file model34.cif (mmCIF, C-alpha atoms and all ligand atoms)
data_model
loop_
_atom_site.label_atom_id
_atom_site.label_comp_id
_atom_site.auth_asym_id
_atom_site.auth_seq_id
_atom_site.Cartn_x
_atom_site.Cartn_y
_atom_site.Cartn_z
CA MET A 1 12.81 0.54 22.14
CA ASN A 2 10.40 -1.17 19.74
CA ARG A 3 12.63 -3.01 17.27
CA LEU A 4 12.09 -6.65 18.23
CA ALA A 5 15.48 -8.01 17.14
CA ASP A 6 17.38 -5.26 18.97
CA LEU A 7 16.13 -6.60 22.32
CA ASP A 8 18.02 -9.20 24.33
CA TRP A 9 16.00 -12.41 24.72
CA LYS A 10 15.09 -11.86 28.38
CA SER A 11 13.63 -8.41 27.67
CA TYR A 12 11.81 -9.86 24.65
CA GLN A 13 10.43 -12.68 26.78
CA SER A 14 9.11 -10.39 29.49
CA ARG A 15 7.34 -8.19 26.92
CA THR A 16 5.82 -10.99 24.85
CA GLN A 17 5.23 -14.14 26.90
CA HIS A 18 1.72 -13.18 28.08
CA GLY A 19 0.51 -12.41 24.56
CA ASP A 20 -0.35 -8.78 25.15
CA ALA A 21 2.29 -7.32 22.80
CA VAL A 22 1.33 -6.30 19.27
CA ILE A 23 3.89 -7.57 16.77
CA LEU A 24 4.19 -5.59 13.54
CA LEU A 25 5.77 -7.41 10.61
CA PRO A 26 6.70 -5.31 7.56
CA ILE A 27 6.77 -7.24 4.26
CA GLY A 28 8.34 -5.74 1.16
CA ALA A 29 10.39 -6.55 -1.94
CA ILE A 30 13.66 -5.72 -3.63
CA GLU A 31 12.55 -4.21 -6.91
CA GLN A 32 13.72 -1.46 -9.26
CA HIS A 33 11.84 1.81 -8.68
CA GLY A 34 13.21 3.88 -11.56
CA PRO A 35 16.61 5.50 -12.16
CA HIS A 36 16.02 8.08 -9.42
CA MET A 37 15.52 5.83 -6.40
CA SER A 38 16.98 2.86 -4.53
CA MET A 39 15.48 -0.62 -4.92
CA ASN A 40 14.19 -0.94 -1.34
CA PRO A 41 11.24 1.48 -0.90
CA ASP A 42 8.84 -1.47 -0.53
CA VAL A 43 10.86 -2.51 2.54
CA LEU A 44 11.86 0.85 4.03
CA ILE A 45 8.42 2.50 3.81
CA PRO A 46 6.41 -0.18 5.69
CA GLU A 47 9.30 -0.52 8.14
CA ALA A 48 9.29 3.22 8.98
CA ILE A 49 5.49 3.26 9.18
CA SER A 50 5.54 0.22 11.50
CA GLU A 51 8.11 1.82 13.81
CA SER A 52 6.17 5.05 14.05
CA VAL A 53 2.90 3.14 14.63
CA ALA A 54 4.58 1.04 17.36
CA SER A 55 5.94 4.11 19.15
CA GLY A 56 2.35 5.32 19.67
CA LEU A 57 1.13 2.04 21.22
CA THR A 58 1.70 0.73 24.74
CA ASN A 59 3.45 -2.55 23.99
CA ALA A 60 4.26 -3.02 20.33
CA LEU A 61 7.34 -4.46 18.65
CA VAL A 62 8.46 -4.33 15.04
CA ALA A 63 9.87 -7.62 13.77
CA PRO A 64 12.64 -7.52 11.15
CA ALA A 65 11.09 -6.97 7.71
CA ILE A 66 10.67 -9.78 5.23
CA SER A 67 12.68 -8.03 2.53
CA TYR A 68 12.11 -10.30 -0.49
CA GLY A 69 8.70 -10.37 -2.12
CA TYR A 70 6.71 -12.08 -4.84
CA LYS A 71 7.71 -11.56 -8.49
CA SER A 72 7.29 -8.04 -9.84
CA GLN A 73 4.49 -7.89 -12.42
CA VAL A 74 4.56 -5.71 -15.55
CA LYS A 75 1.34 -3.80 -14.82
CA SER A 76 2.06 -3.14 -11.13
CA GLY A 77 5.85 -3.17 -10.65
CA GLY A 78 7.40 -2.95 -14.10
CA GLY A 79 8.18 -6.67 -14.32
CA ASN A 80 10.59 -9.26 -13.09
CA PHE A 81 13.17 -8.76 -15.89
CA PHE A 82 14.82 -5.54 -14.68
CA PRO A 83 18.38 -5.84 -13.35
CA GLY A 84 18.23 -5.62 -9.55
CA THR A 85 14.63 -6.76 -9.19
CA THR A 86 15.19 -9.81 -6.96
CA CYS A 87 12.06 -11.81 -6.19
CA ILE A 88 11.04 -15.11 -4.64
CA ASN A 89 8.46 -17.72 -5.61
CA GLY A 90 4.97 -17.51 -4.16
CA LYS A 91 5.57 -20.76 -2.31
CA THR A 92 8.72 -19.39 -0.68
CA LEU A 93 6.89 -16.28 0.47
CA ILE A 94 3.97 -18.34 1.83
CA ASP A 95 6.39 -20.61 3.72
CA THR A 96 8.35 -17.66 5.11
CA ILE A 97 5.24 -15.86 6.40
CA GLN A 98 3.90 -19.09 7.88
CA ASP A 99 7.21 -20.02 9.57
CA VAL A 100 7.82 -16.57 11.07
CA LEU A 101 4.26 -16.30 12.43
CA ILE A 102 4.41 -19.78 13.97
CA ALA A 103 7.79 -19.07 15.61
CA LEU A 104 6.60 -15.74 17.06
CA ALA A 105 3.36 -17.34 18.29
CA ARG A 106 5.28 -20.13 20.03
CA HIS A 107 7.04 -17.39 22.06
CA GLY A 108 3.66 -16.36 23.41
CA ASN A 109 2.65 -13.68 20.90
CA ARG A 110 -1.04 -13.67 19.93
CA ARG A 111 -1.56 -10.34 18.15
CA PHE A 112 0.05 -9.52 14.80
CA VAL A 113 -0.16 -6.73 12.24
CA LEU A 114 1.32 -7.53 8.84
CA VAL A 115 2.22 -4.31 7.01
CA ASN A 116 2.60 -4.91 3.28
CA GLY A 117 4.63 -2.61 1.02
CA HIS A 118 4.57 -4.55 -2.28
CA TYR A 119 1.29 -5.12 -4.09
CA GLU A 120 2.24 -8.48 -5.61
CA ASN A 121 2.70 -10.04 -2.15
CA SER A 122 -0.93 -9.72 -1.09
CA MET A 123 -2.52 -13.13 -1.65
CA PHE A 124 0.63 -15.05 -0.76
CA ILE A 125 0.61 -13.31 2.62
CA VAL A 126 -3.03 -14.31 3.07
CA GLU A 127 -2.11 -17.92 2.36
CA GLY A 128 0.84 -17.80 4.80
CA ILE A 129 -1.46 -16.43 7.51
CA ASP A 130 -4.13 -19.01 6.80
CA LEU A 131 -1.71 -21.94 6.99
CA ALA A 132 -0.06 -20.57 10.15
CA LEU A 133 -3.42 -20.16 11.90
CA GLU A 134 -4.46 -23.67 10.89
CA SER A 135 -1.22 -25.18 12.20
CA LEU A 136 -1.28 -23.17 15.45
CA ARG A 137 -4.92 -24.08 16.06
CA ARG A 138 -3.98 -27.78 15.89
CA ASP A 139 -1.57 -27.00 18.77
CA GLY A 140 -4.32 -25.20 20.72
CA ILE A 141 -2.95 -21.71 20.00
CA ASP A 142 -5.35 -19.02 18.75
CA CYS A 143 -3.95 -15.78 17.28
CA ASN A 144 -5.47 -12.63 15.84
CA ILE A 145 -3.81 -11.21 12.77
CA MET A 146 -4.40 -7.97 10.88
CA LEU A 147 -3.16 -7.58 7.30
CA LEU A 148 -2.96 -4.21 5.57
CA SER A 149 -1.24 -2.42 2.71
CA TYR A 150 -0.22 1.06 3.84
CA TRP A 151 -1.50 2.88 0.72
CA ASP A 152 -5.07 1.88 1.57
CA TYR A 153 -4.88 4.47 4.38
CA VAL A 154 -4.37 7.37 1.95
CA ASP A 155 -7.75 9.13 1.94
CA GLN A 156 -9.33 11.35 -0.71
CA THR A 157 -8.29 14.59 1.03
CA THR A 158 -4.64 13.50 1.01
CA ILE A 159 -4.90 12.30 -2.61
CA LYS A 160 -6.21 15.75 -3.64
CA ALA A 161 -3.32 17.46 -1.81
CA VAL A 162 -0.61 15.17 -3.21
CA PHE A 163 -2.00 14.94 -6.76
CA PRO A 164 -3.41 18.43 -7.45
CA ASP A 165 -3.40 17.76 -11.23
CA GLY A 166 -5.49 14.60 -10.88
CA PHE A 167 -4.82 11.11 -9.59
CA THR A 168 -4.11 8.43 -12.18
CA GLY A 169 -4.66 5.50 -9.82
CA TRP A 170 -2.62 3.23 -7.55
CA ASP A 171 -1.95 0.70 -10.32
CA VAL A 172 0.49 3.06 -12.10
CA GLU A 173 2.00 4.55 -8.95
CA HIS A 174 5.04 2.24 -9.05
CA GLY A 175 8.09 4.49 -8.54
CA GLY A 176 5.83 7.52 -8.90
CA VAL A 177 4.78 10.42 -6.67
CA LEU A 178 3.55 8.34 -3.68
CA GLU A 179 6.63 6.18 -3.09
CA THR A 180 9.12 8.88 -4.12
CA SER A 181 7.53 11.47 -1.79
CA LEU A 182 7.63 9.02 1.11
CA MET A 183 11.27 8.19 0.38
CA LEU A 184 12.16 11.90 0.09
CA TYR A 185 10.70 12.37 3.57
CA LEU A 186 12.12 9.18 5.16
CA HIS A 187 15.38 8.51 3.26
CA PRO A 188 16.32 11.53 1.10
CA ASP A 189 19.82 10.10 0.66
CA LEU A 190 18.32 7.26 -1.42
CA VAL A 191 16.56 9.53 -3.95
CA ASN A 192 18.07 11.66 -6.71
CA MET A 193 15.37 13.92 -8.17
CA ASP A 194 17.71 15.00 -11.00
CA LYS A 195 17.30 11.50 -12.44
CA THR A 196 13.47 11.37 -12.51
CA VAL A 197 12.05 10.72 -15.96
CA ASN A 198 9.08 12.73 -17.21
CA HIS A 199 6.57 10.52 -18.99
CA ALA A 200 2.83 10.03 -19.13
CA PRO A 201 1.37 7.33 -16.86
CA ALA A 202 1.74 3.88 -18.44
CA THR A 203 -1.31 2.40 -20.16
CA PHE A 204 -1.86 -1.33 -20.50
CA PRO A 205 -4.33 -3.63 -22.26
CA PRO A 206 -6.90 -5.28 -20.00
CA TYR A 207 -4.97 -8.57 -20.05
CA ASP A 208 -1.50 -9.83 -19.06
CA ARG A 209 0.75 -11.88 -21.31
CA PHE A 210 3.43 -14.45 -20.51
CA PRO A 211 6.29 -14.37 -21.11
CA PRO A 212 5.96 -10.67 -20.23
CA GLU A 213 6.54 -8.07 -22.92
CA PRO A 214 9.19 -5.53 -21.74
CA SER A 215 8.10 -3.00 -24.39
CA TRP A 216 4.83 -2.53 -22.46
CA VAL A 217 6.82 -0.86 -19.64
CA PRO A 218 8.30 2.67 -19.83
CA ALA A 219 12.09 2.34 -20.24
CA SER A 220 12.56 4.17 -16.90
CA GLY A 221 10.93 1.27 -15.02
CA THR A 222 8.50 3.69 -13.34
CA LEU A 223 4.83 3.46 -14.32
CA SER A 224 4.25 7.21 -13.83
CA SER A 225 6.56 10.18 -13.39
CA ALA A 226 7.92 11.02 -9.96
CA SER A 227 8.88 14.56 -10.91
CA LYS A 228 6.14 16.16 -8.74
CA ALA A 229 7.19 14.23 -5.61
CA THR A 230 8.19 16.29 -2.55
CA ALA A 231 9.25 15.56 1.01
CA GLU A 232 6.29 17.67 2.24
CA HIS A 233 3.90 15.35 0.42
CA GLY A 234 5.81 12.43 1.88
CA LYS A 235 5.31 13.77 5.40
CA LEU A 236 1.59 14.19 4.79
CA LEU A 237 1.30 10.64 3.37
CA PHE A 238 3.33 9.21 6.23
CA ARG A 239 1.18 10.89 8.92
CA VAL A 240 -2.10 9.78 7.39
CA CYS A 241 -0.89 6.16 7.16
CA VAL A 242 0.57 6.07 10.67
CA GLU A 243 -2.49 7.64 12.30
CA GLY A 244 -4.90 5.46 10.32
CA ILE A 245 -3.07 2.24 11.15
CA GLN A 246 -2.80 3.17 14.83
CA GLY A 247 -6.57 3.75 14.84
CA SER A 248 -7.24 0.36 13.24
CA ILE A 249 -5.00 -1.45 15.74
CA LYS A 250 -6.66 0.28 18.69
CA THR A 251 -10.06 -0.77 17.30
CA GLU A 252 -9.04 -4.40 16.74
CA PHE A 253 -6.87 -4.98 19.79
CA ALA A 254 -8.51 -2.65 22.35
ZN ZN B 301 7.21 -0.06 -4.65
#
call {"tool": "encode", "arguments": {"input": "model34.cif", "output": "structure tokens", "more": "lines below"}}
Ligand SMILES: [Zn+2]
result
Amino acid sequence: MNRLADLDWKSYQSRTQHGDAVILLPIGAIEQHGPHMSMNPDVLIPEAISESVASGLTNALVAPAISYGYKSQVKSGGGNFFPGTTCINGKTLIDTIQDVLIALARHGNRRFVLVNGHYENSMFIVEGIDLALESLRRDGIDCNIMLLSYWDYVDQTTIKAVFPDGFTGWDVEHGGVLETSLMLYLHPDLVNMDKTVNHAPATFPPYDRFPPEPSWVPASGTLSSASKATAEHGKLLFRVCVEGIQGSIKTEFA
């Protein structure tokens, strides 16, 4: 059993009080991912990766995911104006990360791996970590924290296999082949490939504008087409991320 919140408190205490457990914390977002897919891939993908990573380590627990993320941006997530896209302020995300880390550290935990599934979260997570470490240090508690985004583990060989017609880049992957393939492998009940929209990858000017301009975004909400996504590609992507992350954790926390 490696889902932290499924444990009773005594079992949790005995596994964590000496600080040798590795705590994985998935962080995602609720955000539209096109007409063909549910709005929770940014939560479900890092959660599944974290659970598989934890099952290959001696004493690792997966904390409940932080399911709400920072505001979807036009050029990376389609934008914050789509129905269903439900985001929180940067300050709220910083506070949440900081509070959860401090609480888990006070239980005795000293080793954390934050697994991000939503690009826009990145620097707010960094800030939450930084403030948590600062506050814990004042109390004489030192922790080691790893932060990663799972897609950074997808290597060139996997990219060539998953995108045989050429890779257009991570920035327009929102709701595209990567996330849809992973969801087809992990949660096929939440994908309907009949509803994928075929369109060229979105192109944007080199600047952002505020308020955001919805006409910049394909009407589907996806920034590239998911029509070439398959569960086989999802399995390949999943394995490469899980094995890569396990390797990194073994290196850092040996
Ligand atoms: Zn996503």
call {"tool": "atom_distance", "arguments": {"input": "model34.cif", "atom1": "atom CA of A:Leu147", "atom2": "atom CA of A:Leu44"}}
result
17.5 Å
call {"tool": "residues_near_ligand", "arguments": {"input": "model34.cif", "ligand": "ligand ZN 301 (chain B)", "cutoff": "6 Å", "atoms": "all atoms listed in the file", "output": "list in words"}}
result
Pro41, Asp42, His118 and His174 of chain A
call {"tool": "atom_distance", "arguments": {"input": "model34.cif", "atom1": "atom CA of A:Asp139", "atom2": "atom CA of A:Glu127"}}
result
18.8 Å
call {"tool": "closest_residue", "arguments": {"input": "model34.cif", "among": "A:Lys91, A:His36, A:Arg137, A:Arg15", "to": "A:Thr58", "atoms": "all atoms listed in the file"}}
result
A:Arg15
call {"tool": "atom_distance", "arguments": {"input": "model34.cif", "atom1": "atom CA of A:Asn116", "atom2": "atom CA of A:Ile45"}}
result
9.4 Å
call {"tool": "residues_around", "arguments": {"input": "model34.cif", "residues": "A:Gln17", "least_positions_apart": "2", "cutoff": "12 Å", "atoms": "only C-alpha atoms", "output": "PyMOL selection string"}}
result
chain A and resi 9-15+19-22+104-111
call {"tool": "closest_residue", "arguments": {"input": "model34.cif", "among": "A:Leu223, A:Ile125, A:Leu4, A:Leu190", "to": "A:Glu173", "atoms": "all atoms listed in the file"}}
result
A:Leu223
call {"tool": "residues_around", "arguments": {"input": "model34.cif", "residues": "A:Thr230", "least_positions_apart": "5", "cutoff": "8 Å", "atoms": "all atoms listed in the file", "output": "count of residues only"}}
result
5
call {"tool": "residues_near_point", "arguments": {"input": "model34.cif", "point": "(-4.8, 14.3, -1.9)", "cutoff": "12 Å", "atoms": "only C-alpha atoms", "output": "PyMOL selection string"}}
result
chain A and resi 153-169+177-178+233-234+236-237+240
call {"tool": "residues_around", "arguments": {"input": "model34.cif", "residues": "A:Gly90", "least_positions_apart": "3", "cutoff": "10 Å", "atoms": "all atoms listed in the file", "output": "list in words"}}
result
Gly69, Tyr70, Lys71, Cys87, Leu93, Ile94, Asp95, Thr96, Glu120, Asn121, Met123, Phe124, Ile125, Glu127 and Gly128 of chain A
call {"tool": "write_last_selection", "arguments": {"input": "model34.cif", "atoms": "C-alpha atoms", "output": "mmCIF file, keeping the file's coordinate frame"}}
result
data_model
loop_
_atom_site.group_PDB
_atom_site.id
_atom_site.type_symbol
_atom_site.label_atom_id
_atom_site.label_comp_id
_atom_site.auth_asym_id
_atom_site.auth_seq_id
_atom_site.Cartn_x
_atom_site.Cartn_y
_atom_site.Cartn_z
ATOM 1 C CA GLY A 69 8.700 -10.370 -2.120
ATOM 2 C CA TYR A 70 6.710 -12.080 -4.840
ATOM 3 C CA LYS A 71 7.710 -11.560 -8.490
ATOM 4 C CA CYS A 87 12.060 -11.810 -6.190
ATOM 5 C CA LEU A 93 6.890 -16.280 0.470
ATOM 6 C CA ILE A 94 3.970 -18.340 1.830
ATOM 7 C CA ASP A 95 6.390 -20.610 3.720
ATOM 8 C CA THR A 96 8.350 -17.660 5.110
ATOM 9 C CA GLU A 120 2.240 -8.480 -5.610
ATOM 10 C CA ASN A 121 2.700 -10.040 -2.150
ATOM 11 C CA MET A 123 -2.520 -13.130 -1.650
ATOM 12 C CA PHE A 124 0.630 -15.050 -0.760
ATOM 13 C CA ILE A 125 0.610 -13.310 2.620
ATOM 14 C CA GLU A 127 -2.110 -17.920 2.360
ATOM 15 C CA GLY A 128 0.840 -17.800 4.800
#
call {"tool": "closest_residue", "arguments": {"input": "model34.cif", "among": "A:Pro26, A:Pro218, A:Pro46, A:Pro35", "to": "A:Pro83", "atoms": "only C-alpha atoms"}}
result
A:Pro35
call {"tool": "axis_aligned_box", "arguments": {"input": "model34.cif", "around": "stretch 172-186 of chain A", "padding_each_side": "5 Å", "output": "AutoDock Vina command-line options"}}
result
--center_x 6.3 --center_y 7.3 --center_z -3.5 --size_x 21.7 --size_y 20.1 --size_z 27.3
call {"tool": "closest_residue", "arguments": {"input": "model34.cif", "among": "A:Ala60, A:Ile245, A:Leu101, A:Ala5", "to": "A:Asp142", "atoms": "only C-alpha atoms"}}
result
A:Leu101
call {"tool": "residues_around", "arguments": {"input": "model34.cif", "residues": "A:Met146", "least_positions_apart": "3", "cutoff": "7 Å", "atoms": "only C-alpha atoms", "output": "ChimeraX atom specification"}}
result
/A:112-114
call {"tool": "residues_around", "arguments": {"input": "model34.cif", "residues": "A:Ser50", "least_positions_apart": "5", "cutoff": "12 Å", "atoms": "only C-alpha atoms", "output": "PyMOL selection string"}}
result
chain A and resi 2-4+22-27+43-45+55-57+60-65+112-117+148-150+238-239+241-246+249
call {"tool": "write_last_selection", "arguments": {"input": "model34.cif", "atoms": "C-alpha atoms", "output": "PDB file, in the coordinates of the input"}}
result
ATOM      1  CA  ASN A   2      10.400  -1.170  19.740  1.00  0.00           C
ATOM      2  CA  ARG A   3      12.630  -3.010  17.270  1.00  0.00           C
ATOM      3  CA  LEU A   4      12.090  -6.650  18.230  1.00  0.00           C
ATOM      4  CA  VAL A  22       1.330  -6.300  19.270  1.00  0.00           C
ATOM      5  CA  ILE A  23       3.890  -7.570  16.770  1.00  0.00           C
ATOM      6  CA  LEU A  24       4.190  -5.590  13.540  1.00  0.00           C
ATOM      7  CA  LEU A  25       5.770  -7.410  10.610  1.00  0.00           C
ATOM      8  CA  PRO A  26       6.700  -5.310   7.560  1.00  0.00           C
ATOM      9  CA  ILE A  27       6.770  -7.240   4.260  1.00  0.00           C
ATOM     10  CA  VAL A  43      10.860  -2.510   2.540  1.00  0.00           C
ATOM     11  CA  LEU A  44      11.860   0.850   4.030  1.00  0.00           C
ATOM     12  CA  ILE A  45       8.420   2.500   3.810  1.00  0.00           C
ATOM     13  CA  SER A  55       5.940   4.110  19.150  1.00  0.00           C
ATOM     14  CA  GLY A  56       2.350   5.320  19.670  1.00  0.00           C
ATOM     15  CA  LEU A  57       1.130   2.040  21.220  1.00  0.00           C
ATOM     16  CA  ALA A  60       4.260  -3.020  20.330  1.00  0.00           C
ATOM     17  CA  LEU A  61       7.340  -4.460  18.650  1.00  0.00           C
ATOM     18  CA  VAL A  62       8.460  -4.330  15.040  1.00  0.00           C
ATOM     19  CA  ALA A  63       9.870  -7.620  13.770  1.00  0.00           C
ATOM     20  CA  PRO A  64      12.640  -7.520  11.150  1.00  0.00           C
ATOM     21  CA  ALA A  65      11.090  -6.970   7.710  1.00  0.00           C
ATOM     22  CA  PHE A 112       0.050  -9.520  14.800  1.00  0.00           C
ATOM     23  CA  VAL A 113      -0.160  -6.730  12.240  1.00  0.00           C
ATOM     24  CA  LEU A 114       1.320  -7.530   8.840  1.00  0.00           C
ATOM     25  CA  VAL A 115       2.220  -4.310   7.010  1.00  0.00           C
ATOM     26  CA  ASN A 116       2.600  -4.910   3.280  1.00  0.00           C
ATOM     27  CA  GLY A 117       4.630  -2.610   1.020  1.00  0.00           C
ATOM     28  CA  LEU A 148      -2.960  -4.210   5.570  1.00  0.00           C
ATOM     29  CA  SER A 149      -1.240  -2.420   2.710  1.00  0.00           C
ATOM     30  CA  TYR A 150      -0.220   1.060   3.840  1.00  0.00           C
ATOM     31  CA  PHE A 238       3.330   9.210   6.230  1.00  0.00           C
ATOM     32  CA  ARG A 239       1.180  10.890   8.920  1.00  0.00           C
ATOM     33  CA  CYS A 241      -0.890   6.160   7.160  1.00  0.00           C
ATOM     34  CA  VAL A 242       0.570   6.070  10.670  1.00  0.00           C
ATOM     35  CA  GLU A 243      -2.490   7.640  12.300  1.00  0.00           C
ATOM     36  CA  GLY A 244      -4.900   5.460  10.320  1.00  0.00           C
ATOM     37  CA  ILE A 245      -3.070   2.240  11.150  1.00  0.00           C
ATOM     38  CA  GLN A 246      -2.800   3.170  14.830  1.00  0.00           C
ATOM     39  CA  ILE A 249      -5.000  -1.450  15.740  1.00  0.00           C
TER      40      ILE A 249
END
call {"tool": "closest_residue", "arguments": {"input": "model34.cif", "among": "A:Tyr68, A:Thr203, A:Gly176, A:Ala103", "to": "A:Asn89", "atoms": "all atoms listed in the file"}}
result
A:Tyr68
call {"tool": "build_atoms", "arguments": {"input": "model34.cif", "residues": "stretch 108-129 of chain A", "atoms": "N, CA, C and O atoms", "output": "compact mmCIF listing (two decimals), keeping the file's coordinate frame"}}
result
# COMPACT_ATOMS: atom_id res chain seq x y z
N GLY A 108 4.72 -16.91 22.58
CA GLY A 108 3.66 -16.36 23.41
C GLY A 108 2.86 -15.25 22.72
O GLY A 108 1.83 -14.83 23.20
N ASN A 109 3.35 -14.77 21.59
CA ASN A 109 2.65 -13.68 20.90
C ASN A 109 1.32 -14.16 20.32
O ASN A 109 1.23 -15.26 19.78
N ARG A 110 0.29 -13.30 20.42
CA ARG A 110 -1.04 -13.67 19.93
C ARG A 110 -1.64 -12.61 19.02
O ARG A 110 -2.70 -12.81 18.46
N ARG A 111 -0.98 -11.44 18.94
CA ARG A 111 -1.56 -10.34 18.15
C ARG A 111 -0.53 -9.84 17.14
O ARG A 111 0.56 -9.42 17.55
N PHE A 112 -0.89 -9.88 15.87
CA PHE A 112 0.05 -9.52 14.80
C PHE A 112 -0.59 -8.52 13.83
O PHE A 112 -1.79 -8.59 13.57
N VAL A 113 0.26 -7.64 13.31
CA VAL A 113 -0.16 -6.73 12.24
C VAL A 113 0.86 -6.87 11.12
O VAL A 113 2.04 -6.54 11.30
N LEU A 114 0.42 -7.37 9.98
CA LEU A 114 1.32 -7.53 8.84
C LEU A 114 1.16 -6.31 7.93
O LEU A 114 0.05 -6.01 7.46
N VAL A 115 2.26 -5.59 7.73
CA VAL A 115 2.22 -4.31 7.01
C VAL A 115 2.90 -4.50 5.66
O VAL A 115 4.12 -4.59 5.57
N ASN A 116 2.07 -4.60 4.61
CA ASN A 116 2.60 -4.91 3.28
C ASN A 116 3.02 -3.64 2.53
O ASN A 116 2.33 -2.63 2.58
N GLY A 117 4.16 -3.74 1.82
CA GLY A 117 4.63 -2.61 1.02
C GLY A 117 4.81 -2.93 -0.45
O GLY A 117 5.35 -2.12 -1.20
N HIS A 118 4.35 -4.12 -0.88
CA HIS A 118 4.57 -4.55 -2.28
C HIS A 118 3.31 -5.26 -2.73
O HIS A 118 2.98 -6.36 -2.25
N TYR A 119 2.61 -4.65 -3.67
CA TYR A 119 1.29 -5.12 -4.09
C TYR A 119 1.26 -6.62 -4.40
O TYR A 119 0.35 -7.34 -3.98
N GLU A 120 2.27 -7.10 -5.13
CA GLU A 120 2.24 -8.48 -5.61
C GLU A 120 2.26 -9.52 -4.48
O GLU A 120 1.97 -10.69 -4.69
N ASN A 121 2.63 -9.10 -3.28
CA ASN A 121 2.70 -10.04 -2.15
C ASN A 121 1.33 -10.47 -1.63
O ASN A 121 1.21 -11.52 -0.97
N SER A 122 0.31 -9.66 -1.89
CA SER A 122 -0.93 -9.72 -1.09
C SER A 122 -1.49 -11.11 -0.84
O SER A 122 -1.64 -11.52 0.32
N MET A 123 -1.83 -11.85 -1.88
CA MET A 123 -2.52 -13.13 -1.65
C MET A 123 -1.60 -14.22 -1.10
O MET A 123 -2.08 -15.16 -0.45
N PHE A 124 -0.30 -14.07 -1.34
CA PHE A 124 0.63 -15.05 -0.76
C PHE A 124 0.75 -14.84 0.75
O PHE A 124 0.92 -15.79 1.51
N ILE A 125 0.63 -13.58 1.18
CA ILE A 125 0.61 -13.31 2.62
C ILE A 125 -0.65 -13.92 3.25
O ILE A 125 -0.59 -14.56 4.30
N VAL A 126 -1.77 -13.74 2.57
CA VAL A 126 -3.03 -14.31 3.07
C VAL A 126 -2.88 -15.82 3.26
O VAL A 126 -3.27 -16.38 4.29
N GLU A 127 -2.28 -16.47 2.27
CA GLU A 127 -2.11 -17.92 2.36
C GLU A 127 -1.18 -18.30 3.51
O GLU A 127 -1.45 -19.25 4.25
N GLY A 128 -0.08 -17.55 3.69
CA GLY A 128 0.84 -17.80 4.80
C GLY A 128 0.14 -17.67 6.15
O GLY A 128 0.32 -18.49 7.06
N ILE A 129 -0.70 -16.64 6.27
CA ILE A 129 -1.46 -16.43 7.51
C ILE A 129 -2.41 -17.61 7.74
O ILE A 129 -2.49 -18.17 8.83
